[in-house]
Amino acid sequence: MLEKEEEWSGKKESHTKLVVNLFILPPGHLVTYNFSNKATHLLPQLFLLDRKRASLPIVSNVKKKINSTILCLEGTKEKIKKMFNKVELSISSYDTAWVAMIPSINSPSVPFFPQCVNWLLDNQLFDGSWGLPGRHPLLLKDVVLSTLVCVLALKQWGIGEEQTNRGLRFIESNIASAYDEKQHSPIGFDIIFPSLIESAQGLGIYLSLGATSLEAMIHKREVELKRCYQSNSDGWKAYLAYVSEGMGKSQDWKMVMRYQRKNGSLFNSPATTAAAFSHLKNDNCLNYLQSALEKFGNAVPTVYPLDIYARLCMIDTLESLGIDHHFSNEIQCVLDETYRYWLEGEEDLFLDPSSCAMAFRILRLNGYDVSSDPFYQYTEDKFFNCLKGYLKDVGSVLELYKASEIMIHPGEEVLVRQNAWTRRFLKEELSSHREHDDKICSYVEHEVNDALKFPYHTKLERLLNRRSMEHYSAEDTRILKTSYRCSNLANQEYMKLAVEDFNICQSIHLEEFKQLSRWIVDSRLDKLKFPRHKLAYCYFTSAATLFHPELSDARVSWAKHGMLVTIVDDLFDIWGSEEELVQLIQLLEKWDVDLNTISCSEPVEIMFRAIQSTICETGERSIKRQGHNVQDHVIKVWLDLMRSMLKEAQWSKTKYIPTVDEYMANAYVSFALGPIVLTTAYLVGPKLSIEIAKNPEYNCLFKLMSTCGRLLNDINSYKVFIVRRVIDSFKVTKVSCLCLLQREFEQGKLNAVTLRIVQGNGGVTAEEAIEEIKNIVEEKRRELLKLILEEKRSIVPRACKDVFWKMTKVLHLFYLKDDGFLSKELLSIGNDVLEKPVILNEFSIDAKENLNSLSK
């Protein structure tokens, strides 16, 4: 095992040996190697592996490791499955203390819930504080606040003198944290903490704060209250109600009770509900507190219930880590339950913007028919009038932004507007964070940055999985009025399964890539002088989207056909004579031919043999999955592609200028996705009859996907600066555009942008043409997503439809900046998928050193 970063960055010989060794480690072995973030650029080097090294006998070792690891992970999967049945929440000493302070209705001198008082006596930490054990250094404000309210609860009932004194010593030793702006402040701290200090004085407790410090805290509270009272916004009223325990007798309790939920709580907060019950003796408040204690014993969490949100987070986390396929049944049950809540208008779902947005996104992406209408309550003006809006909760805005990306209906203007304002807000928040490091949680920062940089329709599954693992923390502590943890939201079991699952798949992918490299040589494709050798890219896109071990046939088919269409494209575009192009088509039409009896060029012979053998292989594999041979259909797909390519070649030769519609009717086929996607769909699992493959729905999926790809390609390949020179230097006329168009024909660059300018007869600029085409791409992409998510009126299996969407995401990622075949960044991230294993203890850092929810 190599131990130094310099050795990893060295020669390609060392690169290959290291990869092979990593895959034969004993199951569960934790590699201590510290990988850097530098791109290793190994994919081209993998392509250049010599045949001797490519035949290293690692297949049996890989299989042994996989089988052994799978057995070890069964226990991990069982633990995660049980989490779907029970939401685990940490106990809150802060909220338990407020419940403990409720006096008995019949005898005010004794507590209503003595079990809570006993819990406080039994759960003081060794340093005299109360709060979450293993706290982060930036959580001292939270601990001081929790400790003070626990001291007051014990003092109120005149018990626990020793615990009270230890608590007071802790507070006085750490009181400076209450003024430290770098410390994370619990919600309402500046209102609640000064009020508790005043309450302490009323009980004869005088902390050594100094008169100036106390006055400063009280002044800060009064300034905040005055400013917010003057605003008189609904958001401020919600916030003031939420921190009611810090308001005491000055609170408008009639206003507070407007926020009472059906379960009797106020904001699902035991502390707020306890304060309300102490003042109003409301029966529903009491029922809520009693139900919480029945569930958790002698104490309460800081938020309850959290079941809907926690289970949705589980699904989201498992999907982002790439391990959701292990829990299909459990996830389906949660989805069905959530959909029922959606139809019933469950308030815990709709009163929380995070839960509402996450439910909408996850349900819609899983084929449930859910309306975007609930988001009218979270338009920009209304969002900031709710509690989380007033608090400028970045996590909620992020969820609203991600939900807004799942637009599938033309009239969903609420999502269009939601996308605009949430994107603007998140950008501003990121910019603010760069100036103030503690203003945003680091785990949210990473998510926000990724969400803005890579829209949903550009995210390849395996890249998302890898990024999620790199930013993941099993110690996910969150902060409301006090800090809390929920094992359903984050835990080490998720990470353990994700890492092993990723590395198992990666080892399989690496072996497949070696086999494909041998196929290039065996097929003599390496003898061709003109083709772009893009096997690494072709295989990367398949492995990044169809990564499950059982999809090997689909991945290999995707990569082989992808490589072949790239070569054919080069032949038809640049290198082949018209005679060669026609001959290749004729050979494919005849199919059963003896090349020894036919006179053809070496490129045509090599390409026909490679295409023929690959089609035969696809047909043989389809028998296993489909029960019939799809060879004839695949031949037709290839012929359709070549004939469309030939038409473009003839247009170019004769300098014929088609209309935009005429061009697109041919161009979506010539974009060459048919042999890749239409053949792969047969190998992903579900039955796909020839009748379905000829159905208009199937053809529509193909046309929408290919149209998006063709137009994205045209936009990015179009040299805007050339057009600008023409426009800036000359009066734009049809003649000048035709001259430009002819020049593009000579360079093989005919595309929709140029044709749109010509069609505009001088009235359409390059920028306008590009904007029009971008709008068409967005429209077609939404239509495609709608078709894919449609279940009731669809006859194409969802797994087959997903192949079209996966390819669409590949295209959008490739053309996010420029032509994907030229992108060095894609080369780097390709290494992450195929080459660089995930090391478990790289991301399993102790909570004290790396608490993702607390910033650096």
# chains A, B, ... in the order shown; residues from 1 in each chain; ligands from 1
$ residues_around --residues "Val810 in chain A" --least-positions-apart "5" --cutoff "10 Å" --atoms "only C-alpha atoms" --output "list in words"
His457, Thr458, Lys459, Leu460, Thr541, Ser542, Ala544, Thr545, Gly709, Phe804, Trp805, Tyr815, Leu816 and Gly820 of chain A
$ closest_residue --among "A:Cys386, A:Leu712, A:Ser291, A:Glu330" --to "Tyr259 in chain A" --atoms "only C-alpha atoms"
A:Cys386
$ atom_distance --atom1 "CA of Asp234 in chain A" --atom2 "CA of Tyr390 in chain A"
8.7 Å
$ select_by_dssp --residues "range 356-505 of chain A" --states "strand (DSSP E or B)" --output "list in words"
Thr477, Arg478, Ile479, Ser483, Tyr484, Arg485 and Cys486 of chain A
$ write_last_selection --atoms "N, CA, C and O atoms" --output "mmCIF file, in the first residue's frame"
data_model
loop_
_atom_site.group_PDB
_atom_site.id
_atom_site.type_symbol
_atom_site.label_atom_id
_atom_site.label_comp_id
_atom_site.auth_asym_id
_atom_site.auth_seq_id
_atom_site.Cartn_x
_atom_site.Cartn_y
_atom_site.Cartn_z
ATOM 1 N N THR A 477 -25.664 17.436 13.931
ATOM 2 C CA THR A 477 -26.354 18.154 14.993
ATOM 3 C C THR A 477 -27.049 19.367 14.414
ATOM 4 O O THR A 477 -26.447 20.146 13.672
ATOM 5 N N ARG A 478 -28.314 19.549 14.754
ATOM 6 C CA ARG A 478 -29.096 20.680 14.257
ATOM 7 C C ARG A 478 -29.515 21.558 15.416
ATOM 8 O O ARG A 478 -29.585 21.106 16.554
ATOM 9 N N ILE A 479 -29.807 22.805 15.105
ATOM 10 C CA ILE A 479 -30.094 23.760 16.169
ATOM 11 C C ILE A 479 -31.438 24.439 15.930
ATOM 12 O O ILE A 479 -31.658 25.033 14.870
ATOM 13 N N SER A 483 -29.904 22.494 20.616
ATOM 14 C CA SER A 483 -29.392 21.545 19.627
ATOM 15 C C SER A 483 -30.034 20.170 19.819
ATOM 16 O O SER A 483 -30.448 19.806 20.923
ATOM 17 N N TYR A 484 -30.102 19.429 18.720
ATOM 18 C CA TYR A 484 -30.656 18.079 18.799
ATOM 19 C C TYR A 484 -30.051 17.212 17.701
ATOM 20 O O TYR A 484 -29.482 17.710 16.735
ATOM 21 N N ARG A 485 -30.195 15.906 17.874
ATOM 22 C CA ARG A 485 -29.747 14.942 16.880
ATOM 23 C C ARG A 485 -30.872 13.958 16.600
ATOM 24 O O ARG A 485 -31.696 13.685 17.473
ATOM 25 N N CYS A 486 -30.837 13.433 15.389
ATOM 26 C CA CYS A 486 -31.813 12.418 14.994
ATOM 27 C C CYS A 486 -31.075 11.400 14.145
ATOM 28 O O CYS A 486 -30.564 11.730 13.068
#
